[in-house]
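Novice: Quick one: the structure is below, and I'll ask about it shortly.
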Amino acid sequence: MVPTLIGVAILTFVVMRLVPGDIVELRYAGSGGAVAQEVIDLERRTLGLDKPMALQFVDWMAGLARGDLGTSLWTGRSVTDEVMLRLGLSLELAIISTLIAVALAIPAGVLAAVRQDTWVDYALRLTSIGGLSFPSFWLGILTILGLLTVFGWSPPLLFTPIWEDPVANLSQMIFPALAVGYRSSAVTMRMTRSSVLDVLRDDYVRTARAKGLSESLVVIRHALRNSLLPVVTVISIEFAFLIGGLVVTEQVFNLNGVGKLLVDAVAHRDYTLIQSIVMLLATVFVLVNFLIDMLYVALDPRVRSS
Amino acid sequence: MKRSAPFVVALVLVALVASACGQQTATAPATPAPAADAGGEKPTAGGTLTFVVNAEPPSFDAHKETTFALLHPTSPHYSTLYRFDPNDLTKIVPDVAAAMPEISADKLTWTVKLRSDVKFHDGTPLTSEDVLATYNKIVFPPSGVVSARRGAYAVVDRMEAPAKDSLVFKLKYPSASFQAGLASPWNWIYSAAKLKTDVKWYEKNVLGTGPFTYVNYVKGASWEGKKNPDYFLKGQPYLDGYKALFISDATAAVNAIRGKQAQIEFRGFTPQQRDDLSRALPNDLAIQEAPWICVNYIVPNAKKKPFDDPRVRRALTLAIDRWTMGAALSKITIIKDIGGLMRPKGPFAMSDADLEKIAGFSKDGRASKDKAKALLAEAGVTNLTFEFLNRSINTPYEPLAVAIIDQWKQAGITATHKVKETSAYLADLRSGNFDVGLDFNCDFLDEPDLQLAKFQSASLGGKGLNLAGYDDPKLDAMIDAQSRETDPAKRKALIGGIERYAMDEMAWQTPTPWWFRIIPYNNKVRGWRVGSNHYTNQDLVSVWLAK
Amino acid sequence: MRRLRDGVGDFVRRRPLGAAGAVLILGMVLAAVLAEVITTHDPTSNSFADMLKPPSLEFPFGTDQFGRDVLTRIIYGSRTALVVGFGASLTGSTLGYIFGVVGAYFGGRVDGAIQRLMDVLISFPLIVIAIAVVAALGPGTLNVVVAITIPIIPRVARVVRSSALTVVAMPYVEATRSVGARSGRIMFRHVAPNVFAPYLIMLTAFLGQAILLEASLSFLGLGVAEPTAAWGLMLRGAGMQFLERAPWLAIAPGLAISAAVFGFNLFGDSLRDALDPRLRAA
């Protein structure tokens, strides 16, 4: 885990500094008008941007080790504050979307596999492929437009945590979660279907059938359990892909989440914020994968023995 | 005499105030909504104003920042010495000053008397010590402190506070424009006591003397203020409070107003956003529009061949039929009026008849394009091909570039659109790493020294501003001459000469159509008048909500 | 020749969805290749007299805010879509395929190192990669392709590896190994073909995804630039701003994107069903 995280840290650090443009120029020259070079130099010094790169990297890593994520170059507030403020929303969106995705995908995938090549299969496949085909932000825009023109209603603009006002919270979350979840369910559904199909043809399943076990028993006990491996892999990949997808969704629905913070930070060249958010996302991802690996071992006896 | 800073040195206020008339037009909307703010209505107190701001303030110190994103939510907490009259935005009136300044006979000593009834929101009274500390921070910032517009106050020699209620500015040379400098929307008056504890205290804290006190700031979401019960103007502010919502997505901003979750946005919307709102809220919408002191420039890189040849530069501007382009683009984005280097319909604008004689401003687009082709042939450049550097912002940069590139195409010039996000775009522009770029400028005042600042020599007065990279001493001299000319008619003539020289003869940088401010808002909002810029008149003191 | 015809006929009969997908793809390719021939308007010339006209005989999908014919731009847009889609997906998936097979086969330190690298790449939000690539290298089709290729590699590698692990653990692979056959030969002849199905699925899925990703990047202002005809760009520009006034501007490119992605997914699905080696054996 740790080498991965260090790799991410170095890559982020280097890549952002290779990109042209810097926060100080943006802040003062970005609104038009001139600013004296001394003003720009002064601000660079204050933010510590005039130090050599290696030193900046060491400073940052040392801070991370202490648990200090640094201060945002743009707002001067601690990165931890900025992120914690928005984490709840993004996390909630990711979780609800994944739940919707899994609830849609797995039953649909199993059903489609079991009823392969029937109209049920075709209909389910078409619907799930739709999820992969429609740009989710386009769906989002059309949804909002539809709500406005038909019902004259738009989702609330400010975020209320779910324990404070579940109705307001969910009415804000449900539409983006559906747009993201629908899209997310598509790949999982297809992988479920394909894995179940694979397994259904395997020898030991044919043996089970030949032994006279009922179809559903065969499916549930043998096929599903062994096809879960790649499906679980895909769900974890989708979760990570989701984080990236959140960025666009948060933009469309104007949700104040970590994704939007990241986009703004990159536009501002707010190095400390970018680095820390990327590290945070990477850590989450790596942790999730670690858990998945544990699940691997539990689910597939063949992997265990190798 | 050497210009010490790339900024304004002398602004002519007299010319400004005297000749400024009718520069803003509050047009009645075409849709069935009551006209905004008809005078004669009596303000009613009460209510909370909710408005949209599409970016968040990087810090809370207006002496340091340059973005409207700070002014909109935070100006209501502060006062300045002087401000622009909300009922007539061309007039400067006292804010915490008691009266207009007394100017000595030699014009070098300005005495400002202060009101005696102004209090900070923590109860402490405002004295000249606070104003002195504030202006010291702006004009003579201590080391480590950033004062973004310091160059504009280079004319100040020293300042003193002889009495508790008076302040004296001693200038190095007469400057009638200094008055406007004292009315700058950025010069919020801070508490000397707070500055003494930490000169950077105001970057993260709020304590002013303005009509609204600070309530809270929820990062990423909203900024709230409530009525200051001890405000020195009795009976004002009318509002109980206000809330600024930070919404960066344009569609979400429109939806906020449409869904009545917000009432107004103070920067401006596009024509189609205005039309969408009109259609959605036929009875609840008011619209105010005004020409904006914002414009884009086509900037050929004078240090790169073949743009060092004035014939090539002139061909570039000749090829663009501004009148047709402006008329078409005004239907889809925030630009409209055609003008030269000074805002059209403003106090220094050239007449249309004179304008049409300048290259690129003729109404006969076809003839101009033919002239462009001929010039290029003469300069030995056929099939001119280059990269056009632009900023990745929808409004109005993208549509403007699309139209310009097509105009060039019609004249046989091939430009590939190189769009970069702001940070990278600025880096390229400022380092001269471009062929032809699209630059921009916004000011809070119609003032030639401000608008012409970009045209000074790049290694002298235009440092950091003149991105075309040329040095032109003749132009420098012309700009210097107009800034010292106190007679308004003579000054206007001089500016005409500058425009002809800079845009036609040398074609260093040429403007595209000027921006246009469109503010559709909930018609319950009264007492706010649209001005020529989005920086002034944001303290909300005169705003009220109809029932 | 006759066998090919029979094969195609067979395919259409047995897998109608796949055939439908193939038709969509073919249409798209033809449009891209024959764009100059089948269109009557120019895709980038402005025509201020024709701004924002609704669909009509002259302009079947209407015009955009610069008076450009939307249908023409949709047709030319298929070029950008195909270049981005094929470029990114083919490169990314193939690289991921290689990494996945190699890692699964060798196991141990090699697998560990490859996995680390894939983990690092996958942990990077697409947006940071995209902005970094576009900001550093400048805008343009090629750089968008590079930006989109990078996140595809680790995702394909993971899936291929997970399937390949199962194959590598199988007795016949063990046997071939112990007999002394060369690693490359084993990987190429025994492991890779058996994980071709997931590779192909991912490839075709990412063909469509790449087109979608380009749309997202354009939506954020990081994709190809005007006045290029590209579906994602059309959605961002005219599509969003004029949603109510001129809905055809948002509908046409959105449908084009959806149809193209749909086509690739349908076809890829059916192709996979047809090509799975285990099915052949059965």
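Chain labels follow the order of the structure tokens: the first chain is A, the next B, and so on; residue numbering restarts at 1 in every chain, and ligands are counted from 1 in their shown order.
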Compile a residue-level contact table for chain B against chain C at a cut-off of 9 Å, reporting for every qualifying residue the shortest atom pair and its distance in Å to one decimal, with only C-alpha atoms counted, rows ordered by chain and ascending number, as JSON lines.
Specialist:
{"residue": "B:Ala250", "atom": "CA", "partner": "C:Gln241", "partner_atom": "CA", "distance": 8.9}
{"residue": "B:Thr251", "atom": "CA", "partner": "C:Gln241", "partner_atom": "CA", "distance": 7.8}
{"residue": "B:Thr270", "atom": "CA", "partner": "C:Gln241", "partner_atom": "CA", "distance": 8.9}
{"residue": "B:Gln272", "atom": "CA", "partner": "C:Phe242", "partner_atom": "CA", "distance": 6.6}
{"residue": "B:Gln273", "atom": "CA", "partner": "C:Gln241", "partner_atom": "CA", "distance": 7.6}
{"residue": "B:Asp275", "atom": "CA", "partner": "C:Arg245", "partner_atom": "CA", "distance": 8.3}
{"residue": "B:Asp276", "atom": "CA", "partner": "C:Glu244", "partner_atom": "CA", "distance": 6.8}
{"residue": "B:Thr324", "atom": "CA", "partner": "C:Phe48", "partner_atom": "CA", "distance": 8.3}
{"residue": "B:Met325", "atom": "CA", "partner": "C:Phe48", "partner_atom": "CA", "distance": 8.0}
{"residue": "B:Ala328", "atom": "CA", "partner": "C:Phe48", "partner_atom": "CA", "distance": 6.0}
{"residue": "B:Leu329", "atom": "CA", "partner": "C:Phe66", "partner_atom": "CA", "distance": 8.5}
{"residue": "B:Lys331", "atom": "CA", "partner": "C:Gln65", "partner_atom": "CA", "distance": 8.8}
{"residue": "B:Ile332", "atom": "CA", "partner": "C:Gln65", "partner_atom": "CA", "distance": 6.9}
{"residue": "B:Ser392", "atom": "CA", "partner": "C:Gly221", "partner_atom": "CA", "distance": 6.2}
{"residue": "B:Ile393", "atom": "CA", "partner": "C:Gly221", "partner_atom": "CA", "distance": 7.7}
{"residue": "B:Asn394", "atom": "CA", "partner": "C:Gly237", "partner_atom": "CA", "distance": 7.5}
{"residue": "B:Glu398", "atom": "CA", "partner": "C:Glu226", "partner_atom": "CA", "distance": 7.6}
{"residue": "B:Pro399", "atom": "CA", "partner": "C:Phe66", "partner_atom": "CA", "distance": 8.4}
{"residue": "B:Ala401", "atom": "CA", "partner": "C:Glu226", "partner_atom": "CA", "distance": 8.4}
{"residue": "B:Val402", "atom": "CA", "partner": "C:Pro227", "partner_atom": "CA", "distance": 6.1}
{"residue": "B:Ala403", "atom": "CA", "partner": "C:Asn46", "partner_atom": "CA", "distance": 7.1}
{"residue": "B:Ile405", "atom": "CA", "partner": "C:Pro227", "partner_atom": "CA", "distance": 8.5}
{"residue": "B:Asp406", "atom": "CA", "partner": "C:Ser45", "partner_atom": "CA", "distance": 6.2}
{"residue": "B:Gln407", "atom": "CA", "partner": "C:Asn46", "partner_atom": "CA", "distance": 8.5}
{"residue": "B:Lys409", "atom": "CA", "partner": "C:Ser45", "partner_atom": "CA", "distance": 8.5}
{"residue": "B:Gln410", "atom": "CA", "partner": "C:Ser45", "partner_atom": "CA", "distance": 8.9}
{"residue": "B:Thr416", "atom": "CA", "partner": "C:Pro227", "partner_atom": "CA", "distance": 8.8}
{"residue": "B:His417", "atom": "CA", "partner": "C:Ala225", "partner_atom": "CA", "distance": 6.7}
{"residue": "B:Lys418", "atom": "CA", "partner": "C:Pro139", "partner_atom": "CA", "distance": 6.7}
{"residue": "B:Val419", "atom": "CA", "partner": "C:Ala225", "partner_atom": "CA", "distance": 6.4}
{"residue": "B:Lys420", "atom": "CA", "partner": "C:Ala135", "partner_atom": "CA", "distance": 6.8}
{"residue": "B:Glu421", "atom": "CA", "partner": "C:Ala135", "partner_atom": "CA", "distance": 7.2}
{"residue": "B:Ser423", "atom": "CA", "partner": "C:Ala135", "partner_atom": "CA", "distance": 8.7}
{"residue": "B:Ala424", "atom": "CA", "partner": "C:Ala135", "partner_atom": "CA", "distance": 6.4}
Novice: Keeping only N, CA and C atoms, write the selected residues as a tab-separated table (two decimals), in the first residue's frame.
Specialist:
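Result went into again_16.tsv, see below:
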chain	number	residue	atom	x	y	z
B	250	ALA	N	-23.06	28.20	-14.51
B	250	ALA	CA	-23.96	29.22	-15.03
B	250	ALA	C	-25.41	28.75	-15.04
B	251	THR	N	-25.61	27.50	-15.48
B	251	THR	CA	-26.98	26.99	-15.54
B	251	THR	C	-27.59	26.93	-14.14
B	270	THR	N	-26.00	36.05	-20.02
B	270	THR	CA	-26.01	36.13	-21.48
B	270	THR	C	-27.43	36.41	-21.97
B	272	GLN	N	-29.31	34.73	-23.94
B	272	GLN	CA	-30.23	33.59	-23.90
B	272	GLN	C	-30.64	33.26	-22.48
B	273	GLN	N	-29.74	33.49	-21.51
B	273	GLN	CA	-30.14	33.25	-20.13
B	273	GLN	C	-31.23	34.25	-19.74
B	275	ASP	N	-33.36	35.60	-21.80
B	275	ASP	CA	-34.60	35.20	-22.47
B	275	ASP	C	-35.23	34.00	-21.79
B	276	ASP	N	-34.40	33.04	-21.38
B	276	ASP	CA	-34.94	31.87	-20.68
B	276	ASP	C	-35.66	32.30	-19.41
B	324	THR	N	-20.98	43.84	-38.41
B	324	THR	CA	-21.78	42.63	-38.64
B	324	THR	C	-21.59	41.63	-37.50
B	325	MET	N	-20.33	41.46	-37.13
B	325	MET	CA	-20.00	40.49	-36.10
B	325	MET	C	-20.65	40.88	-34.79
B	328	ALA	N	-24.43	40.30	-34.74
B	328	ALA	CA	-24.78	38.89	-34.62
B	328	ALA	C	-24.46	38.36	-33.23
B	329	LEU	N	-23.25	38.65	-32.75
B	329	LEU	CA	-22.84	38.10	-31.46
B	329	LEU	C	-23.66	38.66	-30.31
B	331	LYS	N	-26.58	38.77	-30.04
B	331	LYS	CA	-27.76	37.94	-29.81
B	331	LYS	C	-27.41	36.70	-28.99
B	332	ILE	N	-26.14	36.32	-28.97
B	332	ILE	CA	-25.82	35.07	-28.29
B	332	ILE	C	-24.81	35.19	-27.15
B	392	SER	N	-10.08	29.44	-22.01
B	392	SER	CA	-11.16	28.46	-22.17
B	392	SER	C	-12.38	28.86	-21.36
B	393	ILE	N	-12.90	30.03	-21.64
B	393	ILE	CA	-14.12	30.47	-20.95
B	393	ILE	C	-15.19	30.68	-21.99
B	394	ASN	N	-16.38	30.20	-21.68
B	394	ASN	CA	-17.48	30.26	-22.62
B	394	ASN	C	-17.88	31.66	-23.02
B	398	GLU	N	-15.17	32.33	-26.15
B	398	GLU	CA	-15.28	31.30	-27.18
B	398	GLU	C	-16.05	31.76	-28.41
B	399	PRO	N	-17.28	32.27	-28.23
B	399	PRO	CA	-17.99	32.72	-29.43
B	399	PRO	C	-17.26	33.84	-30.16
B	401	ALA	N	-14.03	34.23	-30.41
B	401	ALA	CA	-12.94	33.62	-31.18
B	401	ALA	C	-13.48	32.91	-32.42
B	402	VAL	N	-14.57	32.18	-32.25
B	402	VAL	CA	-15.14	31.47	-33.41
B	402	VAL	C	-15.48	32.46	-34.52
B	403	ALA	N	-16.09	33.58	-34.13
B	403	ALA	CA	-16.48	34.58	-35.14
B	403	ALA	C	-15.24	35.21	-35.77
B	405	ILE	N	-12.19	33.97	-36.05
B	405	ILE	CA	-11.49	33.01	-36.91
B	405	ILE	C	-12.19	32.87	-38.25
B	406	ASP	N	-13.53	32.91	-38.21
B	406	ASP	CA	-14.27	32.80	-39.47
B	406	ASP	C	-14.06	34.03	-40.33
B	407	GLN	N	-14.04	35.21	-39.71
B	407	GLN	CA	-13.80	36.44	-40.46
B	407	GLN	C	-12.43	36.38	-41.14
B	409	LYS	N	-10.83	33.73	-41.95
B	409	LYS	CA	-10.88	32.70	-43.00
B	409	LYS	C	-11.41	33.30	-44.30
B	410	GLN	N	-12.40	34.19	-44.16
B	410	GLN	CA	-12.98	34.79	-45.35
B	410	GLN	C	-11.98	35.71	-46.07
B	416	THR	N	-5.58	28.78	-36.29
B	416	THR	CA	-6.07	27.64	-35.52
B	416	THR	C	-6.28	28.09	-34.09
B	417	HIS	N	-7.38	27.66	-33.54
B	417	HIS	CA	-7.81	28.11	-32.23
B	417	HIS	C	-7.07	27.34	-31.14
B	418	LYS	N	-6.24	28.04	-30.40
B	418	LYS	CA	-5.50	27.37	-29.33
B	418	LYS	C	-6.09	27.82	-28.00
B	419	VAL	N	-6.91	26.94	-27.41
B	419	VAL	CA	-7.60	27.30	-26.18
B	419	VAL	C	-6.88	26.73	-24.98
B	420	LYS	N	-6.57	27.57	-24.02
B	420	LYS	CA	-5.92	27.06	-22.81
B	420	LYS	C	-6.68	27.55	-21.60
B	421	GLU	N	-6.67	26.74	-20.52
B	421	GLU	CA	-7.36	27.22	-19.34
B	421	GLU	C	-6.55	28.37	-18.74
B	423	SER	N	-4.95	29.63	-16.28
B	423	SER	CA	-3.60	29.64	-15.74
B	423	SER	C	-2.55	29.50	-16.84
B	424	ALA	N	-2.75	28.51	-17.70
B	424	ALA	CA	-1.78	28.27	-18.77
B	424	ALA	C	-1.82	29.41	-19.79
Novice: Counting only C-alpha atoms, collect the residues of chain B whose closest atom lies at most 7 Å from chain A, and write them out as a PyMOL selection string.
Specialist: chain B and resi 58-59+66-67+144+146+148+220-221+247+249+252+259+423-424+426-427+440-442+464-465
Novice: Take the residues that were just selected and, keeping N, CA and C atoms, output them as an mmCIF file, in the first residue's frame.
Specialist:
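Saved the output as selection.cif:
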data_model
loop_
_atom_site.group_PDB
_atom_site.id
_atom_site.type_symbol
_atom_site.label_atom_id
_atom_site.label_comp_id
_atom_site.auth_asym_id
_atom_site.auth_seq_id
_atom_site.Cartn_x
_atom_site.Cartn_y
_atom_site.Cartn_z
ATOM 1 N N PRO B 58 -10.797 34.668 -2.429
ATOM 2 C CA PRO B 58 -9.577 33.996 -1.973
ATOM 3 C C PRO B 58 -9.129 34.444 -0.585
ATOM 4 N N SER B 59 -9.377 35.710 -0.237
ATOM 5 C CA SER B 59 -9.124 36.182 1.121
ATOM 6 C C SER B 59 -10.125 37.304 1.358
ATOM 7 N N THR B 66 -8.177 41.228 -6.344
ATOM 8 C CA THR B 66 -8.558 41.945 -7.554
ATOM 9 C C THR B 66 -9.832 41.381 -8.160
ATOM 10 N N THR B 67 -10.514 40.510 -7.423
ATOM 11 C CA THR B 67 -11.669 39.865 -8.013
ATOM 12 C C THR B 67 -12.988 40.374 -7.435
ATOM 13 N N GLY B 144 6.124 42.743 3.074
ATOM 14 C CA GLY B 144 5.379 41.514 3.299
ATOM 15 C C GLY B 144 3.898 41.693 3.102
ATOM 16 N N VAL B 146 0.795 42.888 0.701
ATOM 17 C CA VAL B 146 0.476 43.127 -0.704
ATOM 18 C C VAL B 146 -0.595 44.197 -0.842
ATOM 19 N N ALA B 148 -2.509 45.644 -3.979
ATOM 20 C CA ALA B 148 -2.571 45.371 -5.419
ATOM 21 C C ALA B 148 -2.617 46.607 -6.295
ATOM 22 N N GLY B 220 -17.819 27.341 0.378
ATOM 23 C CA GLY B 220 -18.392 26.577 -0.708
ATOM 24 C C GLY B 220 -19.882 26.740 -0.825
ATOM 25 N N ALA B 221 -20.504 27.443 0.116
ATOM 26 C CA ALA B 221 -21.949 27.544 0.047
ATOM 27 C C ALA B 221 -22.464 28.977 0.098
ATOM 28 N N ILE B 247 -22.381 29.985 -6.455
ATOM 29 C CA ILE B 247 -22.771 29.010 -7.481
ATOM 30 C C ILE B 247 -21.928 29.261 -8.715
ATOM 31 N N ASP B 249 -21.583 27.247 -11.471
ATOM 32 C CA ASP B 249 -22.112 26.778 -12.748
ATOM 33 C C ASP B 249 -23.182 27.744 -13.250
ATOM 34 N N ALA B 252 -26.813 26.494 -13.171
ATOM 35 C CA ALA B 252 -27.331 26.423 -11.807
ATOM 36 C C ALA B 252 -27.669 27.816 -11.300
ATOM 37 N N GLY B 259 -35.908 29.398 -9.915
ATOM 38 C CA GLY B 259 -36.617 28.677 -8.873
ATOM 39 C C GLY B 259 -36.847 29.539 -7.651
ATOM 40 N N SER B 423 -4.952 29.628 -16.285
ATOM 41 C CA SER B 423 -3.597 29.636 -15.741
ATOM 42 C C SER B 423 -2.551 29.502 -16.841
ATOM 43 N N ALA B 424 -2.748 28.507 -17.702
ATOM 44 C CA ALA B 424 -1.782 28.273 -18.775
ATOM 45 C C ALA B 424 -1.820 29.407 -19.792
ATOM 46 N N LEU B 426 -2.568 32.570 -19.232
ATOM 47 C CA LEU B 426 -1.861 33.718 -18.688
ATOM 48 C C LEU B 426 -0.357 33.519 -18.795
ATOM 49 N N ALA B 427 0.076 32.297 -18.474
ATOM 50 C CA ALA B 427 1.509 32.025 -18.519
ATOM 51 C C ALA B 427 2.053 32.279 -19.928
ATOM 52 N N PHE B 440 -7.751 40.782 -22.537
ATOM 53 C CA PHE B 440 -8.968 41.369 -21.994
ATOM 54 C C PHE B 440 -8.621 42.472 -21.015
ATOM 55 N N ASN B 441 -9.584 43.333 -20.732
ATOM 56 C CA ASN B 441 -9.386 44.374 -19.734
ATOM 57 C C ASN B 441 -10.733 44.815 -19.171
ATOM 58 N N CYS B 442 -10.805 44.955 -17.857
ATOM 59 C CA CYS B 442 -12.009 45.476 -17.207
ATOM 60 C C CYS B 442 -11.589 46.586 -16.250
ATOM 61 N N GLY B 464 4.006 44.357 -17.857
ATOM 62 C CA GLY B 464 3.018 43.450 -17.281
ATOM 63 C C GLY B 464 1.634 43.628 -17.849
ATOM 64 N N LEU B 465 1.421 44.751 -18.575
ATOM 65 C CA LEU B 465 0.106 45.031 -19.139
ATOM 66 C C LEU B 465 0.109 44.897 -20.644
#
Novice: Quick one: pick out all alpha helix (DSSP H) residues within region 156-316 of chain B from a backbone DSSP run and write them as a short mmCIF file (atom, residue, chain, number, x, y, z; two decimals) with C-alpha atoms, in the first residue's frame.
Specialist:
data_model
loop_
_atom_site.label_atom_id
_atom_site.label_comp_id
_atom_site.auth_asym_id
_atom_site.auth_seq_id
_atom_site.Cartn_x
_atom_site.Cartn_y
_atom_site.Cartn_z
CA PHE B 178 -7.19 61.71 -7.08
CA GLN B 179 -10.83 62.12 -6.06
CA ALA B 180 -11.80 59.02 -7.99
CA GLY B 181 -8.95 57.17 -6.34
CA LEU B 182 -10.47 57.95 -2.95
CA ALA B 192 -6.27 50.85 13.21
CA ALA B 193 -6.45 48.83 16.41
CA LYS B 194 -6.84 45.57 14.50
CA LEU B 195 -4.11 46.49 12.04
CA LYS B 196 -1.82 47.17 14.96
CA THR B 197 -2.32 43.68 16.37
CA ALA B 250 -23.96 29.22 -15.03
CA THR B 251 -26.98 26.99 -15.54
CA ALA B 252 -27.33 26.42 -11.81
CA ALA B 253 -27.13 30.18 -11.26
CA VAL B 254 -29.96 30.79 -13.70
CA ASN B 255 -31.97 27.98 -12.13
CA ALA B 256 -31.48 29.54 -8.71
CA ILE B 257 -33.14 32.75 -9.86
CA ARG B 258 -35.72 30.90 -11.81
CA PRO B 271 -28.89 37.14 -23.76
CA GLN B 272 -30.23 33.59 -23.90
CA GLN B 273 -30.14 33.25 -20.13
CA ARG B 274 -32.09 36.50 -19.92
CA ASP B 275 -34.60 35.20 -22.47
CA ASP B 276 -34.94 31.87 -20.68
CA LEU B 277 -35.68 33.67 -17.43
CA SER B 278 -38.15 36.02 -19.14
CA ARG B 279 -40.03 33.09 -20.50
CA ALA B 280 -40.01 31.23 -17.21
CA PRO B 310 2.43 46.90 -39.39
CA ARG B 311 0.90 45.92 -42.72
CA VAL B 312 0.30 42.39 -41.45
CA ARG B 313 -1.15 43.69 -38.19
CA ARG B 314 -3.39 46.07 -40.08
CA ALA B 315 -4.55 43.25 -42.33
CA LEU B 316 -5.55 41.29 -39.25
#
Novice: Pick the closest to Asp270 (chain A) from A:Ala94, A:Leu55, A:Leu49, A:Leu142: which is it, counting only C-alpha atoms?
Specialist: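 For Asp270 (chain A), the nearest of the candidates is A:Leu49.
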Novice: Do you know which residues are at most 10 Å from Tyr297 (chain B) counting only C-alpha atoms, after dropping those on the same chain fewer than 2 positions away, and could you put them as a CSV table (one decimal) with C-alpha atoms, in the first residue's frame?
Specialist:
chain,number,residue,atom,x,y,z
B,295,VAL,CA,-13.4,44.6,-23.7
B,299,VAL,CA,-3.0,41.2,-29.7
B,300,PRO,CA,-0.4,40.2,-32.4
B,341,LEU,CA,-10.0,52.2,-27.2
B,437,GLY,CA,-3.7,36.3,-28.6
B,438,LEU,CA,-7.0,37.5,-27.3
B,439,ASP,CA,-6.4,39.7,-24.3
B,440,PHE,CA,-9.0,41.4,-22.0
B,441,ASN,CA,-9.4,44.4,-19.7
B,508,TRP,CA,-0.5,47.3,-32.3
B,509,GLN,CA,-3.6,46.0,-30.5
B,510,THR,CA,-7.1,46.3,-31.6
B,511,PRO,CA,-10.4,46.0,-29.6
B,512,THR,CA,-13.2,43.7,-30.5
B,513,PRO,CA,-16.8,44.8,-29.6
B,514,TRP,CA,-17.3,45.9,-26.0
